[in-house]
Amino acid sequence: MNLQQLLDVVEAEQTLHIYLTVNELMNFAINVKLKQKLSNQEKEIIIDEILDKLNIKDRLYTLVGDLSGGERKRFQIAIELVGDPKILFLDEPTTNLDIVASTQCIKYLKNITKEGRTIIITIHQPSAIMLDLFDHIYALNNGYCIFQGSSKNLLNFFDCLGLSCPSTYNSTDYLMEIANNEYGDHSHLLVEKTKNGLNMEYSKKHETIDNSKDIFTKSSDFTDYSATYFRQVYCLTARFYLSAMRNRTLIYVRFLVHILIAIFLGLIYQKVGNNGSFALDNYHLILVSTTVILYTSYHSHYATFPLEFSIIKREYFNGWYSAAAYHSSLIISDAPILFLNVTIFVTIVYLMTGQVLEIDRYLMFLGFFLIFSYTSQALAIMFTSLLNAQVALLIASNFLIPFFSMSIMSIFARDTIPLFRPFFELNFFNMGIKGAVISIFGFNRTRLDCDEIYCHFNDPKKILRDFECEIDVMQSVYTLIIYYIICQIVSVIFINYRLKYRYQ
């Protein structure tokens with residue numbers, strides 16, 4: 001049995017997908033936490049048994065966001081029970097619950113221990129009823145153990161120290177009052193009596209446990225996953241789409257933004273596509289369109305990981321899936337949406353601005369914008385995968401300023417000092433613009449129509465030369481692809497680092 005199968009952790013923070021139902025999240029947990037492939041009927045049996053133990057079986061088809069606080073706490077426990085862990089750590093499971101819901105939660109956990117599981121709980125000021133449900137108590141004050149043993153022996157412990165608890169007092173409250181020095185400073189007596197946790201005199205007598213085997217010996221214990229990589233990716237991607245379909249607002253907003261901006265640009269730059277008098281305007285249209293795609297793609301997915309971090313951290317820590325699987329699902333899940341948005345934007349702009357009606361040229365123009373959009377998104381994910389949500393939202397956009405500064409949108413390389421010229425060739429934004437310009441004016445395009453006596457830019461070759469776009473088109477393609485690959489690799493490294501070593 002590996003580490004992930006042995007133990008699970010339930011945090012105090014309620015980290016769940018609120019747009020999925022109890023049944024959907026339970027099925028997801030089964031698919032990624034259990035090695036064997038189960039039929040739908042077998043899954044239903046497992047789900048019913050677990051939910052019945054925690055008295056939330058009747059909420060099977062309820063959205064998680066509609067559960068009460070107590071139900072949501074119990075559901076957090078339920079999804080971790082899917083993997084049948086032998087040890088369960090719960091961090092303050094009664095936080096934000098009233099006394100009735102808190103006691104009820106502890107009672108359910110007590111019943112689960114009868115199945116041979118060990119449940120370790122951190123809790124603040126439990127009631128006397130709750131305290132009696134615990135088999136073993138380990139009380140801390142300022143980092144020192146002030147009592148260790150059975151709740152039944154707590155009063156005897158006080159008596160041995162000459163601190164008899166009044167019959168009308170809650171023994172737990174009395175312990176807290178002593179710890180807070182309300183009856184004088186007796187902390188040192190408590191620590192000395194317990195030998196800082198080494199004194200087992202007040203513990204229940206249990207069978208001797210064989211500690212001769214170290215359950216954490218193999219390094220693979222910390223890395224094995226029940227589901228394969230591809231199964232993890234499939235399940236995570238399916239969960240994303242299911243959640244997105246329940247909350248379509250963001251998808252609709254992105255879709256609408258691309259359409260409205262495309263129509264807006266189409267109206268401003270009408271019929272500039274094949275007229276030499278407006279060739280400069282057509283060039284500006286490409287600059288604006290590239291900037292629009294950069295921003296819409298950059299901001300399309302860049303906050304997903306920072307905002308989901310608390311959920312991903314819990315699931316990753318409990319061995320549901322790997323960082324690489326999550327990253328892959330992050331990319332795959334948004335790829336069709338990004339493809340649709342960019343295609344609609346480019347098509348509207350291309351047709352409304354009167355670009356030359358050549359299918360090959362249109363497809364090349366669209367292809368460049370698609371590659372550029374995926375690269376922009378990859379850069380954003382890389383940048384924000386190392387930051388928390390607040391910092392990412394504040395400074396992510398400013399990260400683009402150097403790319404704008406060293407591109408033909410701001411200044412030509414020939415006009416800057418030699419030191420900075422190589423950066424123009426390494427700038428993905430600059431290469432994206434050049435690729436789009438070449439797809440419109442390159443590949444032996446014939447002279448543009450001219451309604452005036454003289455059109456300076458009716459020769460496409462002159463446009464390419466004057467705007468520093470006389471490069472091999474594959475240079476732009478290779479630059480964007482290399483950026484994309486590097487960003488994805490670094491993103492996986494950053495996400496893995498955040499999940500393993502950082503907690504915010």
# chains A, B, ... in the order shown; residues from 1 in each chain; ligands from 1
call {"tool": "select_by_dssp", "arguments": {"residues": "segment 50-132 of chain A", "states": "alpha helix (DSSP H)", "output": "ChimeraX atom specification"}}
result
/A:50-53,69-81,99-113,128-132
call {"tool": "write_last_selection", "arguments": {"atoms": "C-alpha atoms", "output": "CSV table (one decimal), in the first residue's frame"}}
result
chain,number,residue,atom,x,y,z
A,50,ILE,CA,-20.0,6.4,2.0
A,51,LEU,CA,-22.7,9.1,1.9
A,52,ASP,CA,-25.0,7.0,4.0
A,53,LYS,CA,-22.3,6.8,6.7
A,69,GLY,CA,-21.9,24.3,6.0
A,70,GLY,CA,-22.2,21.0,7.9
A,71,GLU,CA,-23.1,19.0,4.8
A,72,ARG,CA,-20.2,20.5,2.9
A,73,LYS,CA,-17.8,19.5,5.7
A,74,ARG,CA,-19.1,16.0,5.7
A,75,PHE,CA,-18.9,15.8,2.0
A,76,GLN,CA,-15.2,16.8,2.1
A,77,ILE,CA,-14.7,13.8,4.3
A,78,ALA,CA,-16.8,11.6,2.0
A,79,ILE,CA,-14.7,12.2,-1.1
A,80,GLU,CA,-11.5,11.3,0.8
A,81,LEU,CA,-13.1,8.1,2.1
A,99,ILE,CA,-22.7,23.2,18.4
A,100,VAL,CA,-25.3,20.8,17.0
A,101,ALA,CA,-23.7,20.4,13.6
A,102,SER,CA,-20.2,20.1,15.2
A,103,THR,CA,-21.3,17.3,17.6
A,104,GLN,CA,-23.1,15.6,14.7
A,105,CYS,CA,-19.9,15.7,12.6
A,106,ILE,CA,-17.8,14.2,15.4
A,107,LYS,CA,-20.3,11.4,15.9
A,108,TYR,CA,-20.2,10.5,12.3
A,109,LEU,CA,-16.4,10.4,12.4
A,110,LYS,CA,-16.6,8.3,15.6
A,111,ASN,CA,-18.6,5.7,13.7
A,112,ILE,CA,-16.1,5.6,10.9
A,113,THR,CA,-13.3,4.7,13.3
A,128,ALA,CA,-17.9,18.0,26.9
A,129,ILE,CA,-20.1,15.8,24.7
A,130,MET,CA,-17.7,16.0,21.8
A,131,LEU,CA,-14.7,15.4,24.1
A,132,ASP,CA,-16.2,12.1,25.4
call {"tool": "closest_residue", "arguments": {"among": "A:Glu177, A:Glu49, A:Asp459, A:Asp360", "to": "Asn275 of chain A", "atoms": "only C-alpha atoms"}}
result
A:Asp459
call {"tool": "closest_residue", "arguments": {"among": "A:Leu38, A:Ala179, A:Leu357, A:Ala380", "to": "Asn398 of chain A", "atoms": "only C-alpha atoms"}}
result
A:Ala380
call {"tool": "residues_around", "arguments": {"residues": "His186 of chain A", "least_positions_apart": "2", "cutoff": "12 Å", "atoms": "only C-alpha atoms", "output": "list in words"}}
result
Asn141, Ile146, Phe158, Leu161, Gly162, Leu163, Leu175, Met176, Glu177, Ile178, Ala179, Asn180, Asn181, Glu182, Tyr183, Gly184, His188, Leu189, Leu190, Val191, Glu192 and Lys193 of chain A
call {"tool": "write_last_selection", "arguments": {"atoms": "N, CA, C and O atoms", "output": "short mmCIF file (atom, residue, chain, number, x, y, z; two decimals), in the first residue's frame"}}
result
data_model
loop_
_atom_site.label_atom_id
_atom_site.label_comp_id
_atom_site.auth_asym_id
_atom_site.auth_seq_id
_atom_site.Cartn_x
_atom_site.Cartn_y
_atom_site.Cartn_z
N ASN A 141 -0.36 23.74 24.31
CA ASN A 141 -0.41 25.14 24.71
C ASN A 141 0.97 25.74 24.48
O ASN A 141 1.96 25.28 25.05
N ILE A 146 0.25 19.67 27.21
CA ILE A 146 -0.21 19.87 28.58
C ILE A 146 -1.12 18.73 29.04
O ILE A 146 -1.48 18.65 30.22
N PHE A 158 -6.26 16.15 36.63
CA PHE A 158 -6.36 17.38 37.40
C PHE A 158 -6.16 17.11 38.89
O PHE A 158 -5.47 17.86 39.59
N LEU A 161 -2.69 16.78 40.19
CA LEU A 161 -1.96 18.04 40.25
C LEU A 161 -2.52 18.98 41.32
O LEU A 161 -2.03 20.12 41.46
N GLY A 162 -3.55 18.51 42.04
CA GLY A 162 -4.17 19.37 43.04
C GLY A 162 -5.01 20.46 42.43
O GLY A 162 -5.22 21.51 43.04
N LEU A 163 -5.50 20.22 41.20
CA LEU A 163 -6.32 21.21 40.50
C LEU A 163 -7.70 20.60 40.21
O LEU A 163 -8.12 20.50 39.07
N LEU A 175 -9.67 22.88 31.49
CA LEU A 175 -8.32 22.72 30.95
C LEU A 175 -7.88 23.98 30.22
O LEU A 175 -6.74 24.44 30.35
N MET A 176 -8.80 24.58 29.43
CA MET A 176 -8.48 25.81 28.70
C MET A 176 -8.19 26.96 29.67
O MET A 176 -7.28 27.77 29.44
N GLU A 177 -8.99 27.03 30.75
CA GLU A 177 -8.79 28.11 31.72
C GLU A 177 -7.45 27.98 32.43
O GLU A 177 -6.76 28.96 32.67
N ILE A 178 -7.08 26.73 32.76
CA ILE A 178 -5.77 26.51 33.39
C ILE A 178 -4.65 26.89 32.43
O ILE A 178 -3.66 27.53 32.82
N ALA A 179 -4.82 26.51 31.16
CA ALA A 179 -3.81 26.83 30.15
C ALA A 179 -3.66 28.34 29.97
O ALA A 179 -2.58 28.84 29.65
N ASN A 180 -4.77 29.07 30.17
CA ASN A 180 -4.76 30.53 30.02
C ASN A 180 -4.39 31.25 31.32
O ASN A 180 -4.55 32.46 31.44
N ASN A 181 -3.91 30.45 32.33
CA ASN A 181 -3.42 31.00 33.60
C ASN A 181 -4.50 31.75 34.40
O ASN A 181 -4.20 32.71 35.11
N GLU A 182 -5.75 31.33 34.26
CA GLU A 182 -6.81 31.98 35.01
C GLU A 182 -6.77 31.58 36.49
O GLU A 182 -7.43 32.22 37.32
N TYR A 183 -6.06 30.50 36.81
CA TYR A 183 -5.92 30.07 38.21
C TYR A 183 -4.45 30.11 38.63
O TYR A 183 -4.00 29.35 39.49
N GLY A 184 -3.70 30.99 38.00
CA GLY A 184 -2.26 31.04 38.23
C GLY A 184 -1.53 30.28 37.13
O GLY A 184 -2.13 29.56 36.33
N HIS A 188 3.72 24.97 33.53
CA HIS A 188 4.92 24.16 33.71
C HIS A 188 4.61 22.85 34.42
O HIS A 188 5.24 21.82 34.18
N LEU A 189 3.61 22.87 35.32
CA LEU A 189 3.21 21.65 36.01
C LEU A 189 2.59 20.64 35.04
O LEU A 189 2.86 19.44 35.11
N LEU A 190 1.75 21.16 34.15
CA LEU A 190 1.10 20.29 33.16
C LEU A 190 2.11 19.65 32.24
O LEU A 190 2.06 18.45 31.96
N VAL A 191 3.06 20.48 31.76
CA VAL A 191 4.09 19.98 30.84
C VAL A 191 4.98 18.96 31.54
O VAL A 191 5.32 17.91 30.98
N GLU A 192 5.31 19.26 32.78
CA GLU A 192 6.18 18.35 33.54
C GLU A 192 5.48 17.02 33.81
O GLU A 192 6.08 15.95 33.72
N LYS A 193 4.18 17.09 34.15
CA LYS A 193 3.43 15.88 34.44
C LYS A 193 3.28 14.99 33.21
O LYS A 193 3.36 13.76 33.29
#
call {"tool": "closest_residue", "arguments": {"among": "A:Leu267, A:Cys487, A:Cys165, A:Leu154", "to": "Thr194 of chain A", "atoms": "only C-alpha atoms"}}
result
A:Leu154
call {"tool": "closest_residue", "arguments": {"among": "A:Asp281, A:Asp334, A:Asp58, A:Glu13", "to": "Gln377 of chain A", "atoms": "only C-alpha atoms"}}
result
A:Asp334
call {"tool": "residues_around", "arguments": {"residues": "Gly432 of chain A", "least_positions_apart": "4", "cutoff": "7 Å", "atoms": "only C-alpha atoms", "output": "list in words"}}
result
Phe368, Phe372, Phe428, Ala436 and Ser476 of chain A
call {"tool": "atom_distance", "arguments": {"atom1": "atom CA of Tyr269 of chain A", "atom2": "atom CA of His284 of chain A"}}
result
9.3 Å
call {"tool": "atom_distance", "arguments": {"atom1": "atom CA of Asp98 of chain A", "atom2": "atom CA of His17 of chain A"}}
result
23.5 Å
call {"tool": "residues_around", "arguments": {"residues": "Asn430 of chain A", "least_positions_apart": "6", "cutoff": "12 Å", "atoms": "only C-alpha atoms", "output": "mmCIF file with N, CA, C and O atoms, in the first residue's frame"}}
result
data_model
loop_
_atom_site.group_PDB
_atom_site.id
_atom_site.type_symbol
_atom_site.label_atom_id
_atom_site.label_comp_id
_atom_site.auth_asym_id
_atom_site.auth_seq_id
_atom_site.Cartn_x
_atom_site.Cartn_y
_atom_site.Cartn_z
ATOM 1 N N ILE A 286 -3.493 45.008 -38.653
ATOM 2 C CA ILE A 286 -2.796 43.788 -38.220
ATOM 3 C C ILE A 286 -2.188 43.993 -36.834
ATOM 4 O O ILE A 286 -2.251 43.106 -35.975
ATOM 5 N N LEU A 287 -1.600 45.172 -36.603
ATOM 6 C CA LEU A 287 -1.021 45.465 -35.289
ATOM 7 C C LEU A 287 -2.091 45.417 -34.197
ATOM 8 O O LEU A 287 -1.892 44.808 -33.139
ATOM 9 N N THR A 290 -3.418 41.806 -33.676
ATOM 10 C CA THR A 290 -2.445 40.994 -32.936
ATOM 11 C C THR A 290 -2.479 41.338 -31.452
ATOM 12 O O THR A 290 -2.410 40.441 -30.593
ATOM 13 N N THR A 291 -2.600 42.616 -31.130
ATOM 14 C CA THR A 291 -2.670 43.040 -29.731
ATOM 15 C C THR A 291 -3.940 42.525 -29.058
ATOM 16 O O THR A 291 -3.909 42.087 -27.903
ATOM 17 N N LEU A 294 -3.511 38.891 -28.415
ATOM 18 C CA LEU A 294 -2.562 38.722 -27.313
ATOM 19 C C LEU A 294 -3.264 38.883 -25.969
ATOM 20 O O LEU A 294 -3.142 38.031 -25.085
ATOM 21 N N PHE A 372 -0.194 32.057 -32.450
ATOM 22 C CA PHE A 372 0.133 33.192 -31.588
ATOM 23 C C PHE A 372 -0.744 33.198 -30.339
ATOM 24 O O PHE A 372 -0.276 33.497 -29.236
ATOM 25 N N LEU A 400 3.950 42.195 -19.956
ATOM 26 C CA LEU A 400 3.964 42.274 -21.427
ATOM 27 C C LEU A 400 4.660 43.528 -21.949
ATOM 28 O O LEU A 400 4.953 43.608 -23.149
ATOM 29 N N PRO A 402 7.742 44.791 -21.843
ATOM 30 C CA PRO A 402 8.980 44.621 -22.619
ATOM 31 C C PRO A 402 8.747 44.048 -24.017
ATOM 32 O O PRO A 402 9.456 44.411 -24.960
ATOM 33 N N PHE A 403 7.749 43.178 -24.153
ATOM 34 C CA PHE A 403 7.457 42.598 -25.467
ATOM 35 C C PHE A 403 6.905 43.660 -26.414
ATOM 36 O O PHE A 403 7.195 43.656 -27.613
ATOM 37 N N PHE A 404 6.071 44.564 -25.884
ATOM 38 C CA PHE A 404 5.569 45.660 -26.708
ATOM 39 C C PHE A 404 6.700 46.605 -27.110
ATOM 40 O O PHE A 404 6.767 47.075 -28.245
ATOM 41 N N SER A 405 7.566 46.893 -26.155
ATOM 42 C CA SER A 405 8.615 47.891 -26.374
ATOM 43 C C SER A 405 9.586 47.480 -27.469
ATOM 44 O O SER A 405 10.059 48.326 -28.235
ATOM 45 N N MET A 406 9.912 46.186 -27.534
ATOM 46 C CA MET A 406 10.890 45.710 -28.513
ATOM 47 C C MET A 406 10.186 44.956 -29.650
ATOM 48 O O MET A 406 10.421 43.780 -29.912
ATOM 49 N N SER A 407 9.278 45.658 -30.312
ATOM 50 C CA SER A 407 8.570 45.104 -31.466
ATOM 51 C C SER A 407 8.340 46.199 -32.487
ATOM 52 O O SER A 407 8.445 47.390 -32.171
ATOM 53 N N ILE A 408 8.005 45.803 -33.701
ATOM 54 C CA ILE A 408 7.792 46.793 -34.767
ATOM 55 C C ILE A 408 6.518 47.592 -34.528
ATOM 56 O O ILE A 408 6.213 48.527 -35.276
ATOM 57 N N MET A 409 5.762 47.228 -33.493
ATOM 58 C CA MET A 409 4.608 48.045 -33.128
ATOM 59 C C MET A 409 5.056 49.349 -32.493
ATOM 60 O O MET A 409 4.373 50.380 -32.622
ATOM 61 N N SER A 410 6.207 49.328 -31.810
ATOM 62 C CA SER A 410 6.697 50.512 -31.104
ATOM 63 C C SER A 410 7.839 51.200 -31.851
ATOM 64 O O SER A 410 7.851 52.425 -31.994
ATOM 65 N N ILE A 411 8.801 50.409 -32.291
ATOM 66 C CA ILE A 411 9.992 50.960 -32.958
ATOM 67 C C ILE A 411 10.607 49.879 -33.827
ATOM 68 O O ILE A 411 10.498 48.683 -33.526
ATOM 69 N N PHE A 412 11.226 50.277 -34.905
ATOM 70 C CA PHE A 412 11.894 49.311 -35.782
ATOM 71 C C PHE A 412 13.273 48.995 -35.218
ATOM 72 O O PHE A 412 13.929 49.847 -34.608
ATOM 73 N N ALA A 413 13.707 47.770 -35.437
ATOM 74 C CA ALA A 413 15.005 47.341 -34.912
ATOM 75 C C ALA A 413 16.137 48.196 -35.467
ATOM 76 O O ALA A 413 17.123 48.472 -34.768
ATOM 77 N N ARG A 421 18.874 44.932 -30.736
ATOM 78 C CA ARG A 421 18.348 44.369 -31.987
ATOM 79 C C ARG A 421 18.112 42.856 -31.933
ATOM 80 O O ARG A 421 17.113 42.373 -32.472
ATOM 81 N N PRO A 422 18.986 42.073 -31.272
ATOM 82 C CA PRO A 422 18.715 40.622 -31.207
ATOM 83 C C PRO A 422 17.410 40.284 -30.485
ATOM 84 O O PRO A 422 16.771 39.271 -30.788
ATOM 85 N N PHE A 423 17.008 41.132 -29.540
ATOM 86 C CA PHE A 423 15.778 40.857 -28.800
ATOM 87 C C PHE A 423 14.545 40.974 -29.697
ATOM 88 O O PHE A 423 13.513 40.351 -29.411
ATOM 89 N N PHE A 424 14.632 41.765 -30.747
ATOM 90 C CA PHE A 424 13.511 41.872 -31.677
ATOM 91 C C PHE A 424 13.261 40.544 -32.381
ATOM 92 O O PHE A 424 12.123 40.193 -32.681
ATOM 93 N N ALA A 436 1.818 37.565 -39.345
ATOM 94 C CA ALA A 436 0.515 38.009 -39.837
ATOM 95 C C ALA A 436 0.673 38.949 -41.041
ATOM 96 O O ALA A 436 -0.084 38.865 -42.017
ATOM 97 N N VAL A 437 1.675 39.844 -40.974
ATOM 98 C CA VAL A 437 1.931 40.769 -42.098
ATOM 99 C C VAL A 437 2.335 39.992 -43.347
ATOM 100 O O VAL A 437 1.863 40.269 -44.457
ATOM 101 N N PHE A 467 8.735 47.672 -43.394
ATOM 102 C CA PHE A 467 8.285 47.317 -42.041
ATOM 103 C C PHE A 467 9.033 46.107 -41.475
ATOM 104 O O PHE A 467 8.566 45.448 -40.554
ATOM 105 N N GLU A 468 10.210 45.853 -42.032
ATOM 106 C CA GLU A 468 11.124 44.825 -41.517
ATOM 107 C C GLU A 468 10.463 43.444 -41.436
ATOM 108 O O GLU A 468 10.649 42.703 -40.478
ATOM 109 N N CYS A 469 9.706 43.107 -42.442
ATOM 110 C CA CYS A 469 9.023 41.813 -42.477
ATOM 111 C C CYS A 469 9.570 40.909 -43.585
ATOM 112 O O CYS A 469 8.925 39.917 -43.956
ATOM 113 N N GLN A 475 10.548 31.297 -39.794
ATOM 114 C CA GLN A 475 11.226 31.839 -38.621
ATOM 115 C C GLN A 475 10.208 32.270 -37.573
ATOM 116 O O GLN A 475 10.390 32.029 -36.375
ATOM 117 N N SER A 476 9.130 32.886 -38.052
ATOM 118 C CA SER A 476 8.066 33.288 -37.133
ATOM 119 C C SER A 476 7.395 32.071 -36.513
ATOM 120 O O SER A 476 7.134 32.028 -35.304
ATOM 121 N N VAL A 477 7.129 31.074 -37.351
ATOM 122 C CA VAL A 477 6.467 29.860 -36.873
ATOM 123 C C VAL A 477 7.324 29.159 -35.825
ATOM 124 O O VAL A 477 6.840 28.789 -34.739
ATOM 125 N N THR A 479 9.735 30.374 -33.971
ATOM 126 C CA THR A 479 9.877 31.182 -32.753
ATOM 127 C C THR A 479 8.677 31.003 -31.842
ATOM 128 O O THR A 479 8.819 30.805 -30.627
ATOM 129 N N LEU A 480 7.474 31.048 -32.428
ATOM 130 C CA LEU A 480 6.257 30.896 -31.632
ATOM 131 C C LEU A 480 6.151 29.494 -31.030
ATOM 132 O O LEU A 480 5.769 29.334 -29.860
#
call {"tool": "residues_around", "arguments": {"residues": "segment 322-333 of chain A", "least_positions_apart": "6", "cutoff": "9 Å", "atoms": "only C-alpha atoms", "output": "MDAnalysis selection string"}}
result
chainID A and resid 223 225 229:238 240:241 301 304:305 312 316 377:378 488 491:493 495:496 499
call {"tool": "closest_residue", "arguments": {"among": "A:Leu366, A:Ile251, A:Ile463, A:Ile268", "to": "Tyr283 of chain A", "atoms": "only C-alpha atoms"}}
result
A:Ile463
